[in-house]
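Colleague: Quick one: the structure is below, questions incoming.
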Amino acid sequence: MDAHAQNAFSFSITTFDGQQHSLGQYQGKRVLLVVIPSTYTSSDSDFLRNMDTVAMDYQDSITVIGIPSYEDGYYDDSLYSLKAYYGDLVLSPCIIAEGMDTRKASAYQDPLFGWLTNQSQNGHFDEDVKGVGEMYFIDPQGNLYGVFGPEQALNGALMEQMMQMH
């Protein structure tokens, strides 16, 4: 990694409650960032319930942060209705962020996603967000060590595989 490149713990998010939340507080711990749905379909609800279950099962090993994406249907006016929707389905210690621009093509791509999607910044992966369900694994030193697209199920087998790495 470039000596000047930041690690994930250099960034902050804004939670759904409007609080600035430094990722630096997780230094020494694993973090999973997940692009979450902003629509109310049954498959989206199933995805959120599954994320909640995984977060509960692995809460001693990893912090799960859900991030709604503007490119995947999030819009600012949906904040309050989504807060209730997420609150009904995500009961675990998951952290839910406000919406972010996640794609490289966006002139407003959030700096965190700029880091996650550009090898020149994260030192490992150069892949754009494919959609809801995209997952980014951060190691205890703040390095990106795993990226999985929406086609990969967020389940115990994947979590065990990621726990064995780094």
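Identifiers in the structure tokens: chain A, B, ... in order shown; residue index from 1 per chain; ligand index from 1 in order shown.
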Which neighbours of region 28-37 of chain A fall inside 7 Å, counting only C-alpha atoms, when residues of the same chain fewer than 3 positions from it are skipped, and could you give them as a PDB file with N, CA and C atoms, in the first residue's frame?
Modeller:
ATOM      1  N   ASP A  44     -35.573  -7.753  -0.135  1.00  0.00           N
ATOM      2  CA  ASP A  44     -34.778  -6.772   0.621  1.00  0.00           C
ATOM      3  C   ASP A  44     -34.962  -6.987   2.122  1.00  0.00           C
ATOM      4  N   SER A  61     -16.855 -10.672  17.089  1.00  0.00           N
ATOM      5  CA  SER A  61     -15.738 -10.774  16.154  1.00  0.00           C
ATOM      6  C   SER A  61     -15.683  -9.662  15.123  1.00  0.00           C
ATOM      7  N   ILE A  62     -16.841  -9.077  14.809  1.00  0.00           N
ATOM      8  CA  ILE A  62     -16.884  -8.125  13.704  1.00  0.00           C
ATOM      9  C   ILE A  62     -18.014  -7.116  13.918  1.00  0.00           C
ATOM     10  N   THR A  63     -17.782  -5.880  13.497  1.00  0.00           N
ATOM     11  CA  THR A  63     -18.816  -4.844  13.529  1.00  0.00           C
ATOM     12  C   THR A  63     -19.388  -4.715  12.132  1.00  0.00           C
ATOM     13  N   VAL A  64     -20.701  -4.769  12.011  1.00  0.00           N
ATOM     14  CA  VAL A  64     -21.376  -4.673  10.721  1.00  0.00           C
ATOM     15  C   VAL A  64     -21.960  -3.271  10.577  1.00  0.00           C
ATOM     16  N   ILE A  65     -21.626  -2.633   9.456  1.00  0.00           N
ATOM     17  CA  ILE A  65     -22.136  -1.296   9.145  1.00  0.00           C
ATOM     18  C   ILE A  65     -22.879  -1.363   7.822  1.00  0.00           C
ATOM     19  N   GLY A  66     -24.169  -1.038   7.853  1.00  0.00           N
ATOM     20  CA  GLY A  66     -24.994  -1.011   6.649  1.00  0.00           C
ATOM     21  C   GLY A  66     -25.034   0.391   6.067  1.00  0.00           C
ATOM     22  N   ILE A  67     -24.864   0.469   4.742  1.00  0.00           N
ATOM     23  CA  ILE A  67     -24.826   1.768   4.074  1.00  0.00           C
ATOM     24  C   ILE A  67     -25.794   1.754   2.889  1.00  0.00           C
ATOM     25  N   PRO A  68     -26.866   2.546   2.948  1.00  0.00           N
ATOM     26  CA  PRO A  68     -27.740   2.673   1.782  1.00  0.00           C
ATOM     27  C   PRO A  68     -27.060   3.526   0.708  1.00  0.00           C
ATOM     28  N   SER A  69     -27.314   3.191  -0.534  1.00  0.00           N
ATOM     29  CA  SER A  69     -26.645   3.835  -1.665  1.00  0.00           C
ATOM     30  C   SER A  69     -27.639   4.649  -2.503  1.00  0.00           C
ATOM     31  N   VAL A 132     -26.743  -3.516  -4.240  1.00  0.00           N
ATOM     32  CA  VAL A 132     -27.111  -3.912  -2.885  1.00  0.00           C
ATOM     33  C   VAL A 132     -26.513  -5.288  -2.610  1.00  0.00           C
ATOM     34  N   GLY A 133     -25.922  -5.421  -1.452  1.00  0.00           N
ATOM     35  CA  GLY A 133     -25.307  -6.686  -1.073  1.00  0.00           C
ATOM     36  C   GLY A 133     -23.800  -6.688  -1.231  1.00  0.00           C
ATOM     37  N   GLU A 134     -23.226  -5.646  -1.833  1.00  0.00           N
ATOM     38  CA  GLU A 134     -21.765  -5.548  -1.939  1.00  0.00           C
ATOM     39  C   GLU A 134     -21.203  -5.481  -0.518  1.00  0.00           C
ATOM     40  N   MET A 135     -20.125  -6.257  -0.279  1.00  0.00           N
ATOM     41  CA  MET A 135     -19.551  -6.354   1.073  1.00  0.00           C
ATOM     42  C   MET A 135     -18.060  -6.072   1.041  1.00  0.00           C
ATOM     43  N   TYR A 136     -17.599  -5.331   2.041  1.00  0.00           N
ATOM     44  CA  TYR A 136     -16.193  -4.959   2.177  1.00  0.00           C
ATOM     45  C   TYR A 136     -15.715  -5.349   3.568  1.00  0.00           C
ATOM     46  N   PHE A 137     -14.722  -6.220   3.629  1.00  0.00           N
ATOM     47  CA  PHE A 137     -14.160  -6.656   4.901  1.00  0.00           C
ATOM     48  C   PHE A 137     -12.891  -5.870   5.200  1.00  0.00           C
ATOM     49  N   ILE A 138     -12.845  -5.296   6.390  1.00  0.00           N
ATOM     50  CA  ILE A 138     -11.712  -4.491   6.866  1.00  0.00           C
ATOM     51  C   ILE A 138     -11.061  -5.248   8.023  1.00  0.00           C
ATOM     52  N   ASP A 139      -9.733  -5.392   7.981  1.00  0.00           N
ATOM     53  CA  ASP A 139      -9.035  -6.105   9.050  1.00  0.00           C
ATOM     54  C   ASP A 139      -8.772  -5.184  10.245  1.00  0.00           C
ATOM     55  N   PRO A 140      -8.266  -5.724  11.342  1.00  0.00           N
ATOM     56  CA  PRO A 140      -8.058  -4.914  12.549  1.00  0.00           C
ATOM     57  C   PRO A 140      -7.068  -3.760  12.387  1.00  0.00           C
ATOM     58  N   GLN A 141      -6.265  -3.777  11.330  1.00  0.00           N
ATOM     59  CA  GLN A 141      -5.336  -2.675  11.068  1.00  0.00           C
ATOM     60  C   GLN A 141      -5.930  -1.638  10.111  1.00  0.00           C
TER      61      GLN A 141
END
Colleague: Using DSSP assignments from the backbone, pull out every residue in region 68-141 of chain A that falls under alpha helix (DSSP H) and give it to me as an NGL selection string.
Modeller: :A and (79-89 or 111-117 or 119-122)
Colleague: DSSP on the backbone, then: every residue of chain A marked strand (DSSP E or B), written as an MDAnalysis selection string.
Modeller: chainID A and resid 12:15 20:22 30:36 62:69 95:97 100 135:138 144:148
Colleague: Just write the chosen residues, N, CA and C atoms, as a short mmCIF file (atom, residue, chain, number, x, y, z; two decimals), in the first residue's frame.
Modeller:
data_model
loop_
_atom_site.label_atom_id
_atom_site.label_comp_id
_atom_site.auth_asym_id
_atom_site.auth_seq_id
_atom_site.Cartn_x
_atom_site.Cartn_y
_atom_site.Cartn_z
N SER A 12 -14.94 8.61 8.47
CA SER A 12 -16.11 8.69 9.35
C SER A 12 -17.36 8.51 8.51
N ILE A 13 -18.41 8.10 9.17
CA ILE A 13 -19.73 8.03 8.54
C ILE A 13 -20.68 8.86 9.38
N THR A 14 -21.81 9.19 8.81
CA THR A 14 -22.90 9.80 9.57
C THR A 14 -23.97 8.73 9.72
N THR A 15 -24.38 8.49 10.95
CA THR A 15 -25.40 7.47 11.19
C THR A 15 -26.78 8.03 10.84
N GLN A 20 -21.93 11.89 13.79
CA GLN A 20 -20.65 11.55 13.15
C GLN A 20 -20.09 10.35 13.89
N HIS A 21 -19.63 9.38 13.14
CA HIS A 21 -19.18 8.11 13.72
C HIS A 21 -17.84 7.77 13.09
N SER A 22 -16.76 7.93 13.84
CA SER A 22 -15.43 7.65 13.32
C SER A 22 -15.20 6.14 13.23
N ARG A 30 -12.37 -6.13 13.48
CA ARG A 30 -12.79 -6.32 12.09
C ARG A 30 -14.09 -5.56 11.86
N VAL A 31 -14.23 -5.07 10.62
CA VAL A 31 -15.43 -4.32 10.24
C VAL A 31 -15.93 -4.87 8.91
N LEU A 32 -17.22 -5.01 8.78
CA LEU A 32 -17.86 -5.40 7.52
C LEU A 32 -18.78 -4.25 7.11
N LEU A 33 -18.49 -3.66 5.95
CA LEU A 33 -19.35 -2.62 5.37
C LEU A 33 -20.22 -3.29 4.31
N VAL A 34 -21.52 -3.08 4.38
CA VAL A 34 -22.47 -3.71 3.47
C VAL A 34 -23.36 -2.65 2.83
N VAL A 35 -23.48 -2.68 1.51
CA VAL A 35 -24.44 -1.81 0.82
C VAL A 35 -25.81 -2.45 1.02
N ILE A 36 -26.70 -1.70 1.67
CA ILE A 36 -28.01 -2.26 2.05
C ILE A 36 -29.13 -1.69 1.19
N ILE A 62 -16.84 -9.08 14.81
CA ILE A 62 -16.88 -8.13 13.70
C ILE A 62 -18.01 -7.12 13.92
N THR A 63 -17.78 -5.88 13.50
CA THR A 63 -18.82 -4.84 13.53
C THR A 63 -19.39 -4.71 12.13
N VAL A 64 -20.70 -4.77 12.01
CA VAL A 64 -21.38 -4.67 10.72
C VAL A 64 -21.96 -3.27 10.58
N ILE A 65 -21.63 -2.63 9.46
CA ILE A 65 -22.14 -1.30 9.15
C ILE A 65 -22.88 -1.36 7.82
N GLY A 66 -24.17 -1.04 7.85
CA GLY A 66 -24.99 -1.01 6.65
C GLY A 66 -25.03 0.39 6.07
N ILE A 67 -24.86 0.47 4.74
CA ILE A 67 -24.83 1.77 4.07
C ILE A 67 -25.79 1.75 2.89
N PRO A 68 -26.87 2.55 2.95
CA PRO A 68 -27.74 2.67 1.78
C PRO A 68 -27.06 3.53 0.71
N SER A 69 -27.31 3.19 -0.53
CA SER A 69 -26.65 3.83 -1.66
C SER A 69 -27.64 4.65 -2.50
N ILE A 95 -24.72 -1.01 12.73
CA ILE A 95 -24.75 0.45 12.61
C ILE A 95 -25.29 0.75 11.22
N ILE A 96 -26.24 1.65 11.14
CA ILE A 96 -26.79 2.03 9.84
C ILE A 96 -26.38 3.47 9.56
N ALA A 97 -25.75 3.66 8.41
CA ALA A 97 -25.29 4.98 8.00
C ALA A 97 -26.36 5.68 7.17
N MET A 100 -25.14 7.18 0.90
CA MET A 100 -23.89 7.65 0.31
C MET A 100 -23.91 7.40 -1.19
N MET A 135 -20.13 -6.26 -0.28
CA MET A 135 -19.55 -6.35 1.07
C MET A 135 -18.06 -6.07 1.04
N TYR A 136 -17.60 -5.33 2.04
CA TYR A 136 -16.19 -4.96 2.18
C TYR A 136 -15.72 -5.35 3.57
N PHE A 137 -14.72 -6.22 3.63
CA PHE A 137 -14.16 -6.66 4.90
C PHE A 137 -12.89 -5.87 5.20
N ILE A 138 -12.84 -5.30 6.39
CA ILE A 138 -11.71 -4.49 6.87
C ILE A 138 -11.06 -5.25 8.02
N LEU A 144 -8.29 -3.19 3.71
CA LEU A 144 -9.34 -3.89 2.98
C LEU A 144 -8.79 -5.26 2.59
N TYR A 145 -9.41 -6.34 3.06
CA TYR A 145 -8.88 -7.67 2.76
C TYR A 145 -9.88 -8.60 2.09
N GLY A 146 -11.09 -8.15 1.85
CA GLY A 146 -12.07 -8.96 1.16
C GLY A 146 -13.17 -8.10 0.57
N VAL A 147 -13.53 -8.39 -0.69
CA VAL A 147 -14.63 -7.71 -1.36
C VAL A 147 -15.49 -8.80 -2.01
N PHE A 148 -16.79 -8.75 -1.74
CA PHE A 148 -17.70 -9.71 -2.33
C PHE A 148 -18.89 -8.98 -2.91
#
Colleague: Of the residues A:Pro93, A:Asn7, A:Tyr58, A:Asp101, which is the one nearest to Gln121 (chain A), using only C-alpha atoms?
Modeller: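 Looking at the shortest contact to Gln121 (chain A), the residue is A:Asn7.
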Colleague: What's the 10 Å shell around Ser38 (chain A), counting only C-alpha atoms, without same-chain residues fewer than 6 positions away, as a PyMOL selection string?
Modeller: chain A and resi 44-45+67-70+72-75+78-79+81-82+85-86+99+132
Colleague: Between CA of Gly142 (chain A) and CA of Trp115 (chain A), what distance in Å does the model show, to one decimal?
Modeller: 11.5 Å
Colleague: Would you mind listing what lies within 9 Å of Asn50 (chain A) as an MDAnalysis selection string, with only C-alpha atoms counted and same-chain residues fewer than 5 positions away left out?
Modeller: chainID A and resid 45 55 154:155
Colleague: Please, what distance in Å, to one decimal, runs between CA of Leu23 (chain A) and CA of Phe11 (chain A)?
Modeller: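 CA of Phe11 (chain A) lies 5.8 Å from CA of Leu23 (chain A).
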Colleague: Kindly indicate which residue among A:Ala107, A:Met159, A:Met51, A:Asn143 lies nearest to Gln119 (chain A), using only C-alpha atoms for the distances.
Modeller: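 Answer, going by the shortest atom-to-atom distance: A:Asn143.
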Colleague: Quick one, how far is CA of Tyr40 (chain A) from CA of Pro111 (chain A)?
Modeller: 27.5 Å
